[in-house]
$ cat start-v7.csv   # CSV, C-alpha atoms
chain,number,residue,atom,x,y,z
A,501,MET,CA,-41.6,31.6,-41.1
A,502,PRO,CA,-40.0,34.7,-42.6
A,503,ARG,CA,-39.1,37.2,-39.9
A,504,GLN,CA,-39.5,40.4,-41.9
A,505,TRP,CA,-41.8,41.6,-44.7
A,506,MET,CA,-41.0,44.7,-46.8
A,507,SER,CA,-43.8,47.1,-47.7
A,508,HIS,CA,-45.2,47.4,-51.2
A,509,ARG,CA,-46.1,51.1,-51.0
A,510,ALA,CA,-45.0,54.3,-49.5
A,511,SER,CA,-47.5,54.2,-46.6
A,512,LYS,CA,-46.2,51.0,-45.0
A,513,LEU,CA,-48.4,48.8,-42.9
A,514,PHE,CA,-46.8,47.7,-39.7
A,515,LEU,CA,-47.8,44.8,-37.5
A,516,VAL,CA,-45.8,44.5,-34.3
A,517,VAL,CA,-46.3,41.4,-32.3
A,518,ALA,CA,-44.7,42.4,-28.9
A,519,VAL,CA,-44.8,39.2,-26.9
A,520,ALA,CA,-41.4,39.4,-25.2
A,521,ALA,CA,-38.2,41.3,-25.6
A,522,ALA,CA,-36.0,38.3,-24.7
A,523,ALA,CA,-36.2,34.7,-23.7
A,524,ILE,CA,-32.7,33.8,-22.5
A,525,VAL,CA,-33.0,30.8,-20.3
A,526,PRO,CA,-30.3,30.1,-17.8
A,527,ILE,CA,-30.1,26.6,-16.6
A,528,VAL,CA,-31.3,26.6,-13.0
A,529,ILE,CA,-31.8,23.5,-10.9
A,530,SER,CA,-35.2,24.5,-9.5
A,531,GLY,CA,-35.7,22.9,-6.2
A,532,ALA,CA,-33.1,20.2,-6.9
A,533,ALA,CA,-30.8,21.1,-4.0
A,534,ALA,CA,-33.6,20.8,-1.5
A,535,GLU,CA,-34.7,17.5,-3.0
A,536,GLU,CA,-31.1,16.2,-2.9
A,537,GLU,CA,-30.6,17.3,0.7
A,538,SER,CA,-33.9,15.7,1.6
A,539,ALA,CA,-32.8,12.4,0.0
A,540,ARG,CA,-29.5,12.5,1.7
A,541,ALA,CA,-31.0,13.4,5.1
A,542,ALA,CA,-33.0,10.2,4.9
A,543,VAL,CA,-29.8,8.1,4.7
A,544,PRO,CA,-28.8,6.8,8.2
A,545,ASP,CA,-25.2,7.4,9.4
A,546,VAL,CA,-24.5,3.7,9.1
A,547,VAL,CA,-26.0,2.1,6.0
A,548,ALA,CA,-24.8,-1.5,6.5
A,549,ARG,CA,-22.8,-3.8,8.7
A,550,ILE,CA,-20.6,-6.5,7.4
A,551,ALA,CA,-19.0,-9.0,9.7
A,552,GLY,CA,-19.5,-6.5,12.5
A,553,ALA,CA,-17.9,-3.5,10.6
A,554,ASP,CA,-20.0,-0.5,9.9
A,555,VAL,CA,-20.4,0.9,6.4
A,556,PRO,CA,-20.8,4.7,6.9
A,557,LYS,CA,-23.2,7.0,5.1
A,558,GLN,CA,-20.3,8.9,3.4
A,559,ALA,CA,-19.0,5.7,1.8
A,560,LEU,CA,-22.5,5.2,0.3
A,561,LEU,CA,-22.5,8.8,-1.0
A,562,ASP,CA,-19.0,8.4,-2.5
A,563,GLU,CA,-20.0,5.1,-4.2
A,564,ALA,CA,-23.2,6.7,-5.6
A,565,ALA,CA,-21.6,9.9,-6.7
A,566,ILE,CA,-21.6,9.2,-10.4
A,567,SER,CA,-25.1,7.9,-10.4
A,568,LEU,CA,-26.3,10.9,-8.4
A,569,GLU,CA,-24.7,13.2,-10.9
A,570,GLN,CA,-26.5,11.4,-13.8
A,571,VAL,CA,-29.8,11.7,-11.9
A,572,GLU,CA,-29.2,15.4,-11.4
A,573,ALA,CA,-28.4,15.9,-15.0
A,574,GLN,CA,-31.5,14.1,-16.1
A,575,ARG,CA,-33.6,16.3,-13.8
A,576,VAL,CA,-32.2,19.4,-15.3
A,577,ARG,CA,-32.5,18.1,-18.8
A,578,CYS,CA,-36.2,17.5,-18.3
A,579,GLU,CA,-36.6,21.0,-17.1
A,580,ALA,CA,-34.7,22.3,-20.1
A,581,GLU,CA,-36.8,20.3,-22.5
A,582,ALA,CA,-40.0,21.6,-20.8
A,583,ASP,CA,-38.8,25.2,-21.2
A,584,ARG,CA,-38.1,24.5,-24.9
A,585,ASN,CA,-41.5,23.0,-25.4
A,586,GLU,CA,-43.2,25.9,-23.7
A,587,HIS,CA,-41.3,28.4,-25.8
A,588,SER,CA,-42.0,26.4,-29.0
A,589,ALA,CA,-45.7,26.7,-28.2
A,590,LEU,CA,-45.3,30.5,-27.9
A,591,GLU,CA,-43.5,30.7,-31.2
A,592,GLY,CA,-46.2,28.7,-32.9
A,593,ALA,CA,-48.8,31.0,-31.5
A,594,VAL,CA,-47.0,34.1,-32.7
A,595,GLU,CA,-46.8,32.6,-36.2
A,596,ARG,CA,-50.5,31.9,-36.2
A,597,LEU,CA,-51.3,35.4,-35.0
A,598,VAL,CA,-49.1,37.0,-37.7
A,599,ARG,CA,-50.6,34.8,-40.5
A,600,LYS,CA,-54.1,35.5,-39.4
A,601,ARG,CA,-53.4,39.3,-39.5
A,602,LEU,CA,-51.6,39.0,-42.9
A,603,PHE,CA,-54.5,37.0,-44.3
A,604,ALA,CA,-57.0,39.6,-43.1
A,605,LEU,CA,-55.0,42.5,-44.6
A,606,GLU,CA,-54.6,40.7,-47.9
A,607,ALA,CA,-58.3,39.9,-48.1
A,608,GLU,CA,-59.2,43.5,-47.4
A,609,ARG,CA,-56.7,44.8,-49.9
A,610,ARG,CA,-58.2,42.7,-52.6
A,611,GLY,CA,-61.8,43.3,-51.6
A,612,LEU,CA,-62.5,39.7,-50.8
A,613,THR,CA,-64.0,38.0,-47.8
A,614,GLU,CA,-61.6,35.8,-45.9
A,615,ASP,CA,-63.7,32.7,-46.9
A,616,ALA,CA,-63.4,33.7,-50.6
A,617,LEU,CA,-59.6,34.0,-50.2
A,618,ARG,CA,-59.5,30.6,-48.5
A,619,GLU,CA,-61.5,29.0,-51.3
A,620,GLU,CA,-59.0,30.6,-53.8
A,621,ILE,CA,-56.1,28.9,-52.0
A,622,ARG,CA,-58.1,25.6,-51.9
A,623,VAL,CA,-58.7,25.7,-55.7
A,624,LYS,CA,-55.0,26.4,-56.3
A,625,ALA,CA,-54.1,23.3,-54.3
A,626,GLY,CA,-56.0,21.2,-56.8
A,627,GLU,CA,-57.9,18.0,-56.6
A,628,VAL,CA,-56.3,14.6,-55.8
A,629,THR,CA,-57.0,12.2,-58.6
A,630,ASP,CA,-57.2,8.4,-58.6
A,631,ALA,CA,-54.0,8.4,-60.5
A,632,ASP,CA,-52.3,10.4,-57.7
A,633,VAL,CA,-53.5,7.8,-55.2
A,634,ASP,CA,-52.3,4.9,-57.4
A,635,SER,CA,-48.9,6.5,-57.8
A,636,PHE,CA,-48.5,7.2,-54.0
A,637,TYR,CA,-49.6,3.6,-53.2
A,638,VAL,CA,-47.1,2.1,-55.6
A,639,GLN,CA,-44.2,4.2,-54.3
A,640,ASN,CA,-45.1,3.4,-50.6
A,641,GLN,CA,-46.5,-0.1,-50.9
A,642,SER,CA,-43.8,-1.6,-48.7
A,643,ARG,CA,-45.0,0.6,-45.8
A,644,ILE,CA,-48.7,0.4,-46.4
A,645,ARG,CA,-50.1,-2.9,-45.0
A,646,GLN,CA,-53.6,-2.6,-46.4
A,647,PRO,CA,-54.9,-3.3,-49.9
A,648,LYS,CA,-55.2,-0.2,-52.0
A,649,GLU,CA,-58.9,-0.2,-51.9
A,650,GLN,CA,-58.9,0.0,-48.1
A,651,ALA,CA,-56.2,2.6,-47.9
A,652,ALA,CA,-57.4,4.8,-50.8
A,653,GLU,CA,-59.4,7.3,-48.7
A,654,GLN,CA,-56.6,7.8,-46.2
A,655,ILE,CA,-54.1,8.3,-49.0
A,656,LYS,CA,-56.4,10.8,-50.7
A,657,SER,CA,-56.9,12.8,-47.5
A,658,TYR,CA,-53.2,12.8,-46.8
A,659,LEU,CA,-52.3,14.1,-50.2
A,660,HIS,CA,-55.0,16.7,-50.1
A,661,GLN,CA,-53.7,18.1,-46.8
A,662,GLN,CA,-50.2,18.0,-48.2
A,663,ARG,CA,-51.2,20.0,-51.2
A,664,LEU,CA,-53.3,22.5,-49.2
A,665,GLN,CA,-50.3,23.1,-46.9
A,666,THR,CA,-48.1,23.7,-49.9
A,667,ALA,CA,-50.6,26.1,-51.4
A,668,GLU,CA,-50.8,28.0,-48.1
A,669,GLN,CA,-47.0,28.3,-47.9
A,670,ASP,CA,-47.0,29.6,-51.5
A,671,PHE,CA,-49.7,32.1,-50.7
A,672,PHE,CA,-47.8,33.6,-47.8
A,673,ALA,CA,-44.6,33.5,-49.8
A,674,THR,CA,-46.3,35.8,-52.4
A,675,ILE,CA,-47.5,38.3,-49.9
A,676,GLU,CA,-44.6,38.4,-47.4
A,677,GLU,CA,-43.0,41.3,-49.2
A,678,LYS,CA,-46.1,43.4,-49.1
A,679,TYR,CA,-46.2,43.9,-45.4
A,680,GLU,CA,-43.5,44.6,-42.8
A,681,VAL,CA,-43.7,42.5,-39.7
A,682,ASP,CA,-41.3,42.7,-36.8
A,683,VAL,CA,-41.7,39.7,-34.5
A,684,LEU,CA,-40.3,40.7,-31.1
A,685,LEU,CA,-40.5,37.3,-29.4
A,686,GLU,CA,-36.9,36.2,-29.1
A,687,PRO,CA,-36.1,32.6,-29.9
A,688,MET,CA,-35.5,30.2,-27.0
A,689,ARG,CA,-31.9,30.4,-26.0
A,690,VAL,CA,-29.8,28.3,-23.6
A,691,GLU,CA,-26.5,29.8,-22.3
A,692,VAL,CA,-23.8,27.3,-23.2
A,693,ASP,CA,-20.2,28.1,-22.4
A,694,HIS,CA,-17.8,28.1,-25.4
A,695,ALA,CA,-14.8,30.0,-24.1
A,696,GLY,CA,-11.6,27.9,-24.0
A,697,HIS,CA,-13.0,25.1,-26.1
A,698,PRO,CA,-11.6,24.2,-29.6
A,699,GLY,CA,-13.2,26.3,-32.2
A,700,ARG,CA,-12.7,27.6,-35.7
A,701,GLY,CA,-14.1,30.7,-37.5
A,702,GLY,CA,-14.2,34.4,-36.7
A,703,GLU,CA,-13.4,35.3,-33.1
A,704,ALA,CA,-15.9,38.1,-33.4
A,705,ALA,CA,-18.4,36.1,-35.4
A,706,ALA,CA,-22.1,37.2,-35.3
A,707,VAL,CA,-23.0,33.5,-34.8
A,708,THR,CA,-21.4,30.9,-32.5
A,709,ILE,CA,-22.4,27.3,-33.0
A,710,VAL,CA,-21.6,25.0,-30.1
A,711,GLU,CA,-21.6,21.4,-31.2
A,712,PHE,CA,-21.8,18.5,-28.7
A,713,SER,CA,-20.5,15.4,-30.6
A,714,ASP,CA,-19.1,11.9,-30.3
A,715,PHE,CA,-16.3,10.7,-32.5
A,716,GLU,CA,-17.8,7.2,-32.7
A,717,CYS,CA,-21.3,8.4,-33.6
A,718,PRO,CA,-22.2,7.8,-37.3
A,719,TYR,CA,-24.7,10.6,-37.4
A,720,CYS,CA,-22.0,13.0,-36.2
A,721,LYS,CA,-19.9,12.0,-39.1
A,722,ARG,CA,-22.9,12.4,-41.4
A,723,VAL,CA,-23.3,16.0,-40.4
A,724,LEU,CA,-19.7,17.0,-41.3
A,725,PRO,CA,-20.6,18.0,-44.9
A,726,THR,CA,-23.2,20.3,-43.5
A,727,LEU,CA,-20.7,22.0,-41.3
A,728,ASP,CA,-18.3,22.4,-44.2
A,729,GLN,CA,-21.1,24.0,-46.2
A,730,ILE,CA,-21.7,26.4,-43.3
A,731,GLU,CA,-18.0,27.4,-43.2
A,732,GLU,CA,-18.0,27.8,-47.0
A,733,LYS,CA,-21.1,30.0,-47.2
A,734,PHE,CA,-20.8,32.1,-44.0
A,735,GLY,CA,-17.0,32.3,-43.5
A,736,GLU,CA,-15.9,34.5,-40.6
A,737,GLN,CA,-19.5,35.3,-39.7
A,738,VAL,CA,-19.8,31.9,-38.0
A,739,ARG,CA,-17.6,30.3,-35.4
A,740,VAL,CA,-18.0,26.5,-34.7
A,741,VAL,CA,-17.0,25.3,-31.2
A,742,TYR,CA,-16.6,21.6,-30.5
A,743,ARG,CA,-17.6,20.1,-27.1
A,744,HIS,CA,-17.6,16.4,-26.2
A,745,TYR,CA,-20.6,14.1,-25.5
A,746,PRO,CA,-19.3,10.5,-25.7
A,747,LEU,CA,-22.3,8.1,-25.6
A,748,SER,CA,-22.2,5.1,-23.3
A,749,ASN,CA,-22.9,2.7,-26.1
A,750,HIS,CA,-19.7,3.7,-27.9
A,751,PRO,CA,-16.9,2.0,-26.1
A,752,ASN,CA,-14.1,4.0,-27.8
A,753,ALA,CA,-15.7,7.4,-27.8
A,754,GLN,CA,-14.4,8.5,-24.4
A,755,LYS,CA,-10.7,7.8,-25.2
A,756,ALA,CA,-11.1,9.3,-28.7
A,757,ALA,CA,-12.4,12.5,-27.1
A,758,GLU,CA,-9.4,12.6,-24.7
A,759,ALA,CA,-7.1,12.0,-27.7
A,760,SER,CA,-8.5,15.0,-29.5
A,761,LEU,CA,-7.7,17.2,-26.4
A,762,CYS,CA,-4.2,15.7,-26.2
A,763,ALA,CA,-3.8,16.7,-29.8
A,764,ASN,CA,-5.2,20.1,-28.9
A,765,ASP,CA,-2.3,20.5,-26.4
A,766,GLN,CA,0.0,20.3,-29.4
A,767,GLY,CA,-2.1,22.7,-31.6
A,768,LYS,CA,-3.7,20.0,-33.8
A,769,PHE,CA,-7.2,19.5,-32.5
A,770,TRP,CA,-9.0,19.9,-35.9
A,771,GLU,CA,-6.5,17.7,-37.7
A,772,MET,CA,-7.1,14.9,-35.1
A,773,HIS,CA,-10.9,15.7,-35.2
A,774,ASP,CA,-11.0,15.1,-39.0
A,775,LEU,CA,-8.9,12.0,-38.8
A,776,LEU,CA,-11.0,10.4,-36.0
A,777,PHE,CA,-14.2,10.9,-38.0
A,778,ALA,CA,-12.5,9.7,-41.2
A,779,GLU,CA,-11.4,6.5,-39.5
A,780,GLN,CA,-14.3,5.8,-37.0
A,781,GLN,CA,-13.6,2.0,-37.0
A,782,GLN,CA,-10.0,2.5,-35.6
A,783,LEU,CA,-10.4,4.3,-32.3
A,784,THR,CA,-8.7,2.0,-29.8
A,785,PRO,CA,-5.8,3.5,-27.8
A,786,PRO,CA,-3.1,2.0,-30.1
A,787,ASP,CA,-5.1,3.4,-33.1
A,788,LEU,CA,-5.2,6.8,-31.5
A,789,LYS,CA,-1.4,6.8,-30.9
A,790,GLU,CA,-0.8,5.7,-34.4
A,791,LYS,CA,-2.9,8.6,-35.7
A,792,ALA,CA,-0.9,11.0,-33.5
A,793,THR,CA,2.3,9.8,-35.1
A,794,ARG,CA,0.8,10.2,-38.5
A,795,LEU,CA,-0.1,13.8,-37.7
A,796,GLY,CA,3.4,14.6,-36.7
A,797,LEU,CA,2.7,15.0,-33.0
A,798,ASP,CA,5.2,14.4,-30.3
A,799,ALA,CA,4.4,10.7,-29.8
A,800,THR,CA,5.8,10.4,-26.3
A,801,ALA,CA,4.0,13.4,-25.0
A,802,PHE,CA,0.7,12.3,-26.7
A,803,GLY,CA,1.0,8.8,-25.3
A,804,GLU,CA,1.6,10.1,-21.7
A,805,CYS,CA,-1.4,12.4,-22.0
A,806,LEU,CA,-3.7,9.7,-23.3
A,807,ASP,CA,-2.5,7.0,-20.9
A,808,SER,CA,-2.8,9.3,-17.9
A,809,GLY,CA,-6.3,10.3,-18.6
A,810,ARG,CA,-5.3,14.0,-18.2
A,811,HIS,CA,-8.4,15.2,-20.1
A,812,ALA,CA,-10.9,12.7,-18.8
A,813,GLU,CA,-12.4,15.2,-16.4
A,814,ALA,CA,-12.7,17.9,-19.1
A,815,VAL,CA,-14.6,15.4,-21.3
A,816,GLN,CA,-16.9,14.5,-18.4
A,817,LYS,CA,-17.5,18.2,-17.7
A,818,ASP,CA,-18.5,18.8,-21.3
A,819,GLN,CA,-21.0,15.9,-21.0
A,820,GLU,CA,-22.5,17.1,-17.8
A,821,GLU,CA,-23.0,20.6,-19.1
A,822,GLY,CA,-24.4,19.3,-22.3
A,823,SER,CA,-26.9,17.2,-20.4
A,824,ALA,CA,-27.8,20.2,-18.2
A,825,ALA,CA,-28.5,22.2,-21.4
A,826,GLY,CA,-30.9,19.5,-22.7
A,827,VAL,CA,-28.6,17.3,-24.8
A,828,ASN,CA,-29.5,13.6,-24.8
A,829,GLY,CA,-28.0,12.5,-28.1
A,830,THR,CA,-25.5,13.4,-30.7
A,831,PRO,CA,-25.0,15.5,-32.7
A,832,ALA,CA,-26.6,18.5,-30.9
A,833,PHE,CA,-26.1,22.1,-31.7
A,834,PHE,CA,-26.6,25.5,-30.0
A,835,VAL,CA,-26.7,28.3,-32.6
A,836,ASN,CA,-26.3,31.4,-30.5
A,837,GLY,CA,-28.0,29.3,-27.8
A,838,ARG,CA,-30.8,28.0,-30.1
A,839,PHE,CA,-31.0,24.2,-29.8
A,840,ILE,CA,-31.0,22.0,-32.9
A,841,SER,CA,-30.9,18.2,-32.4
A,842,GLY,CA,-29.6,15.6,-34.8
A,843,ALA,CA,-27.9,15.4,-38.2
A,844,VAL,CA,-30.1,18.0,-39.8
A,845,PRO,CA,-29.6,19.2,-43.4
A,846,PHE,CA,-27.7,22.3,-44.2
A,847,GLU,CA,-30.8,24.3,-44.9
A,848,THR,CA,-32.1,23.8,-41.4
A,849,ILE,CA,-29.1,25.3,-39.7
A,850,ALA,CA,-28.5,27.9,-42.4
A,851,GLU,CA,-32.0,29.3,-41.8
A,852,VAL,CA,-31.3,29.8,-38.1
A,853,ILE,CA,-27.9,31.3,-38.9
A,854,GLU,CA,-29.4,33.8,-41.4
A,855,ASP,CA,-32.0,34.7,-38.9
A,856,GLU,CA,-29.4,35.3,-36.2
A,857,ILE,CA,-27.3,37.5,-38.6
A,858,ARG,CA,-30.5,39.6,-39.4
A,859,ARG,CA,-31.2,40.0,-35.7
A,860,LYS,CA,-27.7,41.2,-35.0
A,861,GLY,CA,-28.0,43.7,-37.9
A,862,ARG,CA,-31.2,45.1,-36.3
A,863,LYS,CA,-29.5,45.7,-32.9

$ encode --input "start-v7.csv" --output "structure tokens"
Amino acid sequence: MPRQWMSHRASKLFLVVAVAAAAIVPIVISGAAAEEESARAAVPDVVARIAGADVPKQALLDEAAISLEQVEAQRVRCEAEADRNEHSALEGAVERLVRKRLFALEAERRGLTEDALREEIRVKAGEVTDADVDSFYVQNQSRIRQPKEQAAEQIKSYLHQQRLQTAEQDFFATIEEKYEVDVLLEPMRVEVDHAGHPGRGGEAAAVTIVEFSDFECPYCKRVLPTLDQIEEKFGEQVRVVYRHYPLSNHPNAQKAAEASLCANDQGKFWEMHDLLFAEQQQLTPPDLKEKATRLGLDATAFGECLDSGRHAEAVQKDQEEGSAAGVNGTPAFFVNGRFISGAVPFETIAEVIEDEIRRKGRK
């Protein structure tokens, strides 16, 4: 919803919804350490005997280290998701409060009862005709498994709700400039580190987008035009930082991530980034080395970097920190800490960016 309405007269009407001054949520493992210690305490000093030889507890913990890290990341991610859901409920409640108040103010200004104003909106929504139902059924017949006669009432109800919602949106769009509203509830933010990671855009940008991505992910490739549009529209106001989140079902994603950091060592991260996405079907180690040669990198140094797994730990750290922040798929974005999941359209991210720029301007 719009975050600020301008007054239509000299004596401005102000509605201030002061719910919270900030909602910056650090990722904290609540109770996790105690649970982990408790689980480990239950493990005996000797976990097995094989041909008379003891298998010690530490050997078990070493063997289970990766799995335990994944469990820990999952626990934190669930907490992060719960925090986001809770904050989303608060944001929705604030929006409802604001709209209720705006509705009452507009009804009073026009000398109408609120019921009369609601009826006016309903009339503007219009009636759903049989022709509308027929048209919708024809366009969506492959997804509707009932004969039209059985589905007609459901279709009609759906179209009516859709039109009513549009009419309500249009109503608030017409009055949003008449009243000035300052919503003080800050968006949900998660602190995600971006220092030292590959980035482009203004160093002092008002908005930093941290993207967790996977070079073998088709949806990550699909969102590239959106990121290009952001760069074109906002320029130095936005900085995009790339972090790695190779998915386990993409066999070449891990090495592709390492290759990008090997290229970064030679100052060509973004050139390699673009080439990896452009040629997603060629991401085996030989393919990666061929790309490095094509980009004019020192082939020997790149090959040594890739073969040694020099950056494997850095990629793993990215993934662990992404999971801790609530990432469970790619692409995932944090716009000044505000989480957006998936290959969303330009308008979705742009709306958040514009809101962040407005907020920066008010501070």

$ atom_distance --input "start-v7.csv" --atom1 "CA of Gly826 in chain A" --atom2 "CA of Leu590 in chain A"
18.9 Å

$ residues_around --input "start-v7.csv" --residues "Gly699 in chain A" --least-positions-apart "6" --cutoff "9 Å" --atoms "only C-alpha atoms" --output "list in words"
Val710, Arg739, Val740, Val741, Tyr742 and Trp770 of chain A

$ axis_aligned_box --input "start-v7.csv" --around "range 646-655 of chain A" --padding-each-side "8 Å" --output "JSON"
{"center_x": -56.5, "center_y": 2.5, "center_z": -49.1, "size_x": 21.8, "size_y": 27.6, "size_z": 21.8}

$ residues_around --input "start-v7.csv" --residues "Asn828 in chain A" --least-positions-apart "5" --cutoff "12 Å" --atoms "all atoms listed in the file" --output "list of chain:residue names"
A:Gln570, A:Ala573, A:Gln574, A:Val576, A:Arg577, A:Cys578, A:Ala580, A:Glu581, A:Phe712, A:Ser713, A:Asp714, A:Tyr745, A:Pro746, A:Leu747, A:Ser748, A:Gln819, A:Glu820, A:Glu821, A:Gly822, A:Ser823, A:Phe833, A:Phe839, A:Ile840, A:Ser841, A:Gly842

$ atom_distance --input "start-v7.csv" --atom1 "CA of Ala667 in chain A" --atom2 "CA of Arg622 in chain A"
7.5 Å

$ residues_around --input "start-v7.csv" --residues "range 800-809 of chain A" --least-positions-apart "3" --cutoff "10 Å" --atoms "all atoms listed in the file" --output "list in words"
Lys755, Ala756, Ala757, Glu758, Ala759, Ser760, Leu761, Cys762, Ala763, Asp765, Gln766, Pro785, Pro786, Leu788, Lys789, Glu790, Ala792, Thr793, Leu797, Ala812, Glu813 and Ala814 of chain A

$ write_last_selection --input "start-v7.csv" --atoms "C-alpha atoms" --output "JSON list (two decimals), keeping the file's coordinate frame"
[["chain", "number", "residue", "atom", "x", "y", "z"],
["A", 755, "LYS", "CA", -10.70, 7.80, -25.20],
["A", 756, "ALA", "CA", -11.10, 9.30, -28.70],
["A", 757, "ALA", "CA", -12.40, 12.50, -27.10],
["A", 758, "GLU", "CA", -9.40, 12.60, -24.70],
["A", 759, "ALA", "CA", -7.10, 12.00, -27.70],
["A", 760, "SER", "CA", -8.50, 15.00, -29.50],
["A", 761, "LEU", "CA", -7.70, 17.20, -26.40],
["A", 762, "CYS", "CA", -4.20, 15.70, -26.20],
["A", 763, "ALA", "CA", -3.80, 16.70, -29.80],
["A", 765, "ASP", "CA", -2.30, 20.50, -26.40],
["A", 766, "GLN", "CA", 0.00, 20.30, -29.40],
["A", 785, "PRO", "CA", -5.80, 3.50, -27.80],
["A", 786, "PRO", "CA", -3.10, 2.00, -30.10],
["A", 788, "LEU", "CA", -5.20, 6.80, -31.50],
["A", 789, "LYS", "CA", -1.40, 6.80, -30.90],
["A", 790, "GLU", "CA", -0.80, 5.70, -34.40],
["A", 792, "ALA", "CA", -0.90, 11.00, -33.50],
["A", 793, "THR", "CA", 2.30, 9.80, -35.10],
["A", 797, "LEU", "CA", 2.70, 15.00, -33.00],
["A", 812, "ALA", "CA", -10.90, 12.70, -18.80],
["A", 813, "GLU", "CA", -12.40, 15.20, -16.40],
["A", 814, "ALA", "CA", -12.70, 17.90, -19.10]]

$ atom_distance --input "start-v7.csv" --atom1 "CA of Glu620 in chain A" --atom2 "CA of Ser635 in chain A"
26.4 Å

$ residues_around --input "start-v7.csv" --residues "range 723-725 of chain A" --least-positions-apart "5" --cutoff "9 Å" --atoms "all atoms listed in the file" --output "ChimeraX atom specification"
/A:718,730,777,831,842-846

$ closest_residue --input "start-v7.csv" --among "A:Lys791, A:Arg689, A:His660, A:Lys600" --to "Lys624 in chain A" --atoms "only C-alpha atoms"
A:His660

$ closest_residue --input "start-v7.csv" --among "A:Tyr679, A:Leu659, A:Gln650, A:Arg601" --to "Phe636 in chain A" --atoms "all atoms listed in the file"
A:Leu659

$ closest_residue --input "start-v7.csv" --among "A:Val707, A:Leu775, A:Ala695, A:Ala651" --to "Glu854 in chain A" --atoms "only C-alpha atoms"
A:Val707

$ closest_residue --input "start-v7.csv" --among "A:Ala753, A:Val594, A:Phe715, A:Val827" --to "Leu776 in chain A" --atoms "only C-alpha atoms"
A:Phe715

$ closest_residue --input "start-v7.csv" --among "A:Arg643, A:Arg618, A:Arg700, A:Arg722" --to "Glu771 in chain A" --atoms "all atoms listed in the file"
A:Arg700

$ decode --input "start-v7.csv" --residues "range 792-805 of chain A" --atoms "N, CA and C atoms" --output "PDB file, in the first residue's frame"
ATOM      1  N   ALA A 792      37.166 -19.515 -18.728  1.00  0.00           N
ATOM      2  CA  ALA A 792      38.213 -18.650 -18.173  1.00  0.00           C
ATOM      3  C   ALA A 792      39.194 -18.225 -19.262  1.00  0.00           C
ATOM      4  N   THR A 793      39.560 -19.162 -20.114  1.00  0.00           N
ATOM      5  CA  THR A 793      40.468 -18.845 -21.223  1.00  0.00           C
ATOM      6  C   THR A 793      39.824 -17.832 -22.163  1.00  0.00           C
ATOM      7  N   ARG A 794      38.545 -18.059 -22.445  1.00  0.00           N
ATOM      8  CA  ARG A 794      37.822 -17.151 -23.341  1.00  0.00           C
ATOM      9  C   ARG A 794      37.731 -15.732 -22.778  1.00  0.00           C
ATOM     10  N   LEU A 795      37.674 -15.637 -21.449  1.00  0.00           N
ATOM     11  CA  LEU A 795      37.575 -14.320 -20.812  1.00  0.00           C
ATOM     12  C   LEU A 795      38.937 -13.656 -20.648  1.00  0.00           C
ATOM     13  N   GLY A 796      39.974 -14.338 -21.080  1.00  0.00           N
ATOM     14  CA  GLY A 796      41.313 -13.751 -21.009  1.00  0.00           C
ATOM     15  C   GLY A 796      41.957 -13.861 -19.645  1.00  0.00           C
ATOM     16  N   LEU A 797      41.498 -14.796 -18.812  1.00  0.00           N
ATOM     17  CA  LEU A 797      42.095 -14.984 -17.489  1.00  0.00           C
ATOM     18  C   LEU A 797      43.387 -15.786 -17.610  1.00  0.00           C
ATOM     19  N   ASP A 798      44.222 -15.696 -16.585  1.00  0.00           N
ATOM     20  CA  ASP A 798      45.415 -16.526 -16.505  1.00  0.00           C
ATOM     21  C   ASP A 798      44.935 -17.969 -16.316  1.00  0.00           C
ATOM     22  N   ALA A 799      45.019 -18.771 -17.364  1.00  0.00           N
ATOM     23  CA  ALA A 799      44.438 -20.111 -17.355  1.00  0.00           C
ATOM     24  C   ALA A 799      45.080 -21.013 -16.301  1.00  0.00           C
ATOM     25  N   THR A 800      46.399 -20.890 -16.117  1.00  0.00           N
ATOM     26  CA  THR A 800      47.091 -21.731 -15.140  1.00  0.00           C
ATOM     27  C   THR A 800      46.633 -21.409 -13.720  1.00  0.00           C
ATOM     28  N   ALA A 801      46.599 -20.122 -13.412  1.00  0.00           N
ATOM     29  CA  ALA A 801      46.183 -19.705 -12.063  1.00  0.00           C
ATOM     30  C   ALA A 801      44.718 -20.079 -11.808  1.00  0.00           C
ATOM     31  N   PHE A 802      43.875 -19.905 -12.819  1.00  0.00           N
ATOM     32  CA  PHE A 802      42.458 -20.244 -12.669  1.00  0.00           C
ATOM     33  C   PHE A 802      42.302 -21.743 -12.437  1.00  0.00           C
ATOM     34  N   GLY A 803      43.009 -22.544 -13.230  1.00  0.00           N
ATOM     35  CA  GLY A 803      42.914 -23.996 -13.100  1.00  0.00           C
ATOM     36  C   GLY A 803      43.360 -24.475 -11.731  1.00  0.00           C
ATOM     37  N   GLU A 804      44.458 -23.902 -11.225  1.00  0.00           N
ATOM     38  CA  GLU A 804      44.948 -24.280  -9.898  1.00  0.00           C
ATOM     39  C   GLU A 804      43.929 -23.914  -8.824  1.00  0.00           C
ATOM     40  N   CYS A 805      43.329 -22.749  -8.981  1.00  0.00           N
ATOM     41  CA  CYS A 805      42.317 -22.284  -8.021  1.00  0.00           C
ATOM     42  C   CYS A 805      41.117 -23.227  -8.016  1.00  0.00           C
TER      43      CYS A 805
END
